[in-house]
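Asker: Below is start_31.txt; it holds compact mmCIF, N, CA and C atoms.
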# COMPACT_ATOMS: atom_id res chain seq x y z
N GLY A 256 12.97 -11.24 -6.55
CA GLY A 256 11.67 -10.86 -6.10
C GLY A 256 11.64 -9.42 -5.63
N ALA A 257 10.46 -8.96 -5.41
CA ALA A 257 10.26 -7.58 -4.96
C ALA A 257 10.46 -7.47 -3.45
N ASP A 258 11.01 -6.35 -3.03
CA ASP A 258 11.17 -6.05 -1.62
C ASP A 258 9.84 -5.49 -1.10
N LEU A 259 9.31 -6.08 -0.03
CA LEU A 259 8.02 -5.62 0.50
C LEU A 259 8.04 -4.15 0.88
N ALA A 260 9.18 -3.65 1.31
CA ALA A 260 9.29 -2.24 1.70
C ALA A 260 9.15 -1.31 0.50
N GLU A 261 9.36 -1.85 -0.70
CA GLU A 261 9.27 -1.04 -1.91
C GLU A 261 8.03 -1.36 -2.73
N THR A 262 7.10 -2.11 -2.15
CA THR A 262 5.91 -2.55 -2.87
C THR A 262 4.67 -1.86 -2.31
N ILE A 263 3.80 -1.44 -3.21
CA ILE A 263 2.52 -0.85 -2.83
C ILE A 263 1.42 -1.52 -3.64
N ALA A 264 0.43 -2.05 -2.97
CA ALA A 264 -0.74 -2.62 -3.65
C ALA A 264 -1.74 -1.50 -3.88
N ILE A 265 -2.23 -1.39 -5.11
CA ILE A 265 -3.22 -0.38 -5.45
C ILE A 265 -4.51 -1.10 -5.82
N GLY A 266 -5.61 -0.68 -5.21
CA GLY A 266 -6.87 -1.33 -5.51
C GLY A 266 -8.06 -0.47 -5.17
N ASP A 267 -9.25 -1.00 -5.50
CA ASP A 267 -10.48 -0.25 -5.26
C ASP A 267 -11.49 -1.02 -4.41
N LYS A 268 -11.08 -2.17 -3.88
CA LYS A 268 -12.00 -2.98 -3.09
C LYS A 268 -11.35 -3.38 -1.77
N LEU A 269 -11.95 -2.96 -0.68
CA LEU A 269 -11.41 -3.24 0.66
C LEU A 269 -11.29 -4.74 0.92
N GLU A 270 -12.33 -5.50 0.59
CA GLU A 270 -12.40 -6.92 0.97
C GLU A 270 -11.41 -7.80 0.24
N THR A 271 -10.85 -7.35 -0.87
CA THR A 271 -9.89 -8.17 -1.60
C THR A 271 -8.54 -7.46 -1.72
N ASP A 272 -8.51 -6.35 -2.40
CA ASP A 272 -7.25 -5.65 -2.68
C ASP A 272 -6.55 -5.18 -1.40
N ILE A 273 -7.26 -4.45 -0.58
CA ILE A 273 -6.64 -3.87 0.61
C ILE A 273 -6.42 -4.92 1.69
N LEU A 274 -7.38 -5.80 1.90
CA LEU A 274 -7.21 -6.86 2.90
C LEU A 274 -6.03 -7.75 2.54
N GLY A 275 -5.87 -8.07 1.26
CA GLY A 275 -4.73 -8.88 0.83
C GLY A 275 -3.41 -8.20 1.15
N ALA A 276 -3.34 -6.90 0.92
CA ALA A 276 -2.12 -6.15 1.23
C ALA A 276 -1.86 -6.15 2.72
N VAL A 277 -2.88 -5.91 3.51
CA VAL A 277 -2.74 -5.88 4.97
C VAL A 277 -2.23 -7.23 5.47
N ARG A 278 -2.82 -8.30 4.98
CA ARG A 278 -2.44 -9.65 5.44
C ARG A 278 -1.01 -10.03 5.06
N THR A 279 -0.50 -9.47 3.98
CA THR A 279 0.85 -9.81 3.55
C THR A 279 1.89 -8.77 3.97
N GLY A 280 1.45 -7.72 4.65
CA GLY A 280 2.39 -6.72 5.14
C GLY A 280 2.84 -5.72 4.10
N ILE A 281 2.05 -5.57 3.04
CA ILE A 281 2.38 -4.62 1.98
C ILE A 281 1.60 -3.33 2.21
N ARG A 282 2.24 -2.20 1.98
CA ARG A 282 1.52 -0.92 2.04
C ARG A 282 0.47 -0.91 0.94
N SER A 283 -0.61 -0.16 1.16
CA SER A 283 -1.70 -0.18 0.19
C SER A 283 -2.24 1.21 -0.08
N LEU A 284 -2.76 1.37 -1.27
CA LEU A 284 -3.38 2.62 -1.69
C LEU A 284 -4.74 2.27 -2.28
N MET A 285 -5.79 2.81 -1.71
CA MET A 285 -7.13 2.56 -2.21
C MET A 285 -7.62 3.75 -3.02
N VAL A 286 -8.12 3.47 -4.22
CA VAL A 286 -8.73 4.51 -5.03
C VAL A 286 -10.24 4.43 -4.83
N LEU A 287 -10.86 5.58 -4.68
CA LEU A 287 -12.29 5.64 -4.37
C LEU A 287 -13.18 5.65 -5.62
N SER A 288 -12.61 5.42 -6.78
CA SER A 288 -13.40 5.45 -8.01
C SER A 288 -13.94 4.07 -8.38
N GLY A 289 -13.78 3.12 -7.49
CA GLY A 289 -14.21 1.76 -7.80
C GLY A 289 -15.31 1.26 -6.90
N VAL A 290 -15.09 0.10 -6.32
CA VAL A 290 -16.12 -0.60 -5.56
C VAL A 290 -16.34 -0.02 -4.17
N SER A 291 -15.29 0.09 -3.37
CA SER A 291 -15.43 0.54 -1.98
C SER A 291 -15.49 2.06 -1.89
N THR A 292 -16.11 2.54 -0.83
CA THR A 292 -16.34 3.98 -0.65
C THR A 292 -15.73 4.48 0.65
N GLU A 293 -15.76 5.79 0.84
CA GLU A 293 -15.30 6.37 2.11
C GLU A 293 -16.12 5.84 3.28
N ALA A 294 -17.40 5.63 3.07
CA ALA A 294 -18.26 5.08 4.12
C ALA A 294 -17.79 3.68 4.52
N ASP A 295 -17.37 2.88 3.54
CA ASP A 295 -16.85 1.54 3.83
C ASP A 295 -15.60 1.62 4.70
N LEU A 296 -14.76 2.61 4.44
CA LEU A 296 -13.54 2.79 5.22
C LEU A 296 -13.84 3.04 6.69
N LYS A 297 -14.89 3.79 6.95
CA LYS A 297 -15.24 4.15 8.33
C LYS A 297 -15.63 2.94 9.17
N THR A 298 -16.12 1.89 8.53
CA THR A 298 -16.58 0.72 9.28
C THR A 298 -15.65 -0.48 9.14
N SER A 299 -14.58 -0.33 8.41
CA SER A 299 -13.66 -1.45 8.17
C SER A 299 -12.67 -1.63 9.31
N GLU A 300 -12.37 -2.88 9.62
CA GLU A 300 -11.37 -3.20 10.66
C GLU A 300 -9.95 -2.95 10.16
N TYR A 301 -9.75 -2.98 8.87
CA TYR A 301 -8.43 -2.77 8.28
C TYR A 301 -8.49 -1.56 7.37
N GLN A 302 -7.37 -0.86 7.28
CA GLN A 302 -7.32 0.40 6.53
C GLN A 302 -6.16 0.39 5.55
N PRO A 303 -6.34 1.03 4.40
CA PRO A 303 -5.22 1.21 3.48
C PRO A 303 -4.23 2.21 4.06
N THR A 304 -3.02 2.17 3.58
CA THR A 304 -2.01 3.13 4.00
C THR A 304 -2.37 4.53 3.51
N TRP A 305 -2.83 4.59 2.26
CA TRP A 305 -3.23 5.86 1.64
C TRP A 305 -4.57 5.68 0.93
N VAL A 306 -5.27 6.79 0.74
CA VAL A 306 -6.52 6.81 -0.02
C VAL A 306 -6.45 7.97 -1.00
N MET A 307 -6.85 7.73 -2.25
CA MET A 307 -6.89 8.78 -3.26
C MET A 307 -8.22 8.70 -3.99
N PRO A 308 -8.67 9.81 -4.54
CA PRO A 308 -10.00 9.83 -5.16
C PRO A 308 -10.11 8.97 -6.42
N ASP A 309 -9.04 8.89 -7.21
CA ASP A 309 -9.10 8.12 -8.45
C ASP A 309 -7.68 7.84 -8.95
N ILE A 310 -7.59 7.06 -10.01
CA ILE A 310 -6.27 6.66 -10.53
C ILE A 310 -5.52 7.85 -11.12
N ARG A 311 -6.24 8.85 -11.58
CA ARG A 311 -5.58 10.07 -12.09
C ARG A 311 -4.78 10.73 -10.97
N ALA A 312 -5.34 10.79 -9.77
CA ALA A 312 -4.63 11.37 -8.62
C ALA A 312 -3.38 10.56 -8.29
N VAL A 313 -3.47 9.25 -8.45
CA VAL A 313 -2.31 8.38 -8.22
C VAL A 313 -1.22 8.70 -9.23
N THR A 314 -1.60 8.81 -10.49
CA THR A 314 -0.64 9.12 -11.56
C THR A 314 0.04 10.46 -11.32
N GLU A 315 -0.73 11.46 -10.93
CA GLU A 315 -0.17 12.79 -10.66
C GLU A 315 0.80 12.75 -9.48
N ALA A 316 0.46 12.01 -8.45
CA ALA A 316 1.35 11.90 -7.29
C ALA A 316 2.65 11.20 -7.67
N LEU A 317 2.57 10.17 -8.50
CA LEU A 317 3.78 9.46 -8.92
C LEU A 317 4.67 10.34 -9.79
N ARG A 318 4.08 11.15 -10.63
CA ARG A 318 4.86 12.07 -11.46
C ARG A 318 5.67 13.04 -10.61
N LYS A 319 5.11 13.47 -9.50
CA LYS A 319 5.79 14.41 -8.61
C LYS A 319 6.99 13.78 -7.91
N LEU A 320 7.02 12.46 -7.84
CA LEU A 320 8.13 11.77 -7.18
C LEU A 320 9.39 11.73 -8.04
N LYS A 321 9.25 11.92 -9.33
CA LYS A 321 10.40 11.82 -10.24
C LYS A 321 11.37 12.95 -10.04
Now that the file is in, can you turn its structure into structure tokens?
Answerer:
Amino acid sequence: GADLAETIAIGDKLETDILGAVRTGIRSLMVLSGVSTEADLKTSEYQPTWVMPDIRAVTEALRKLK
């Protein structure tokens, strides 16, 4: 199985993707090109570990890690 410390949930919806990660103790990355918005983040009780504007930004960040 996967090690939780090495797992990141990536999603675009606070109520499902990010909340699921928070509840299971997984770090999370929310992309703002989908359902939830920055305004939603301001009023949410739970927060993603990271926020990026879109999946392209995620891909670029991952390339830099190599």
Asker: So which residues of chain A fall under alpha helix (DSSP H) by DSSP, listed as number ranges by chain?
Answerer: A: 274-279, 293-298, 310-320
Asker: With distances taken over only C-alpha atoms, which residue among A:Pro308, A:Val290, A:Pro303, A:Glu261 lies nearest Gly275 in chain A?
Answerer: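 Selected residue with least distance to Gly275 in chain A: A:Pro303.
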Asker: Of the candidates A:Thr304, A:Leu259, A:Asp309, A:Asp267, which shows the shortest atom-to-atom distance to Gly280 in chain A, using all atoms listed in the file?
Answerer: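 Looking at the shortest contact to Gly280 in chain A, the residue is A:Leu259.
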Asker: Between A:Ile310, A:Leu317, A:Tyr301, A:Thr262, which has the minimum distance to Ile281 in chain A (counting only C-alpha atoms)?
Answerer: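 Nearest candidate to Ile281 in chain A out of A:Ile310, A:Leu317, A:Tyr301, A:Thr262: A:Thr262.
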Asker: Could you state the separation of CA of Ile263 in chain A and CA of Val277 in chain A in Å, given to one decimal place?
Answerer: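 These two atoms are separated by 10.7 Å.
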Asker: What's the 8 Å shell around Lys268 in chain A, counting all atoms listed in the file, without same-chain residues fewer than 3 positions away, as a list in words?
Answerer: Ile265, Thr271, Asp272, Ile273, Leu274, Gly275, Leu284, Met285, Val286, Leu287, Gly289, Val290, Ser291 and Thr292 of chain A
Asker: Please report the interatomic distance between CA of Lys297 in chain A and CA of Ala316 in chain A in Å with one decimal.
Answerer: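 Straight-line distance from CA of Lys297 in chain A to CA of Ala316 in chain A works out to 24.1 Å.
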Asker: What's the separation between CA of Ala276 in chain A and CA of Ala264 in chain A, in Å to one decimal place?
Answerer: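 Distance reported for this atom pair: 6.2 Å.
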Asker: I need the residues in chain A that are strand (DSSP E) according to DSSP; give them as a list in words.
Answerer: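 Result set for chain A (strand (DSSP E)): Ile263, Ala264, Ile265, Gly266, Arg282, Ser283, Leu284, Met285, Val286, Trp305, Val306 and Met307 of chain A.
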Asker: Just checking: using only N, CA and C atoms, which residue out of A:Glu315, A:Gln302, A:Asp258, A:Met307 ends up closest to Ser288 in chain A?
Answerer: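 Looking only at the distances to Ser288 in chain A, the closest residue turns out to be A:Met307.
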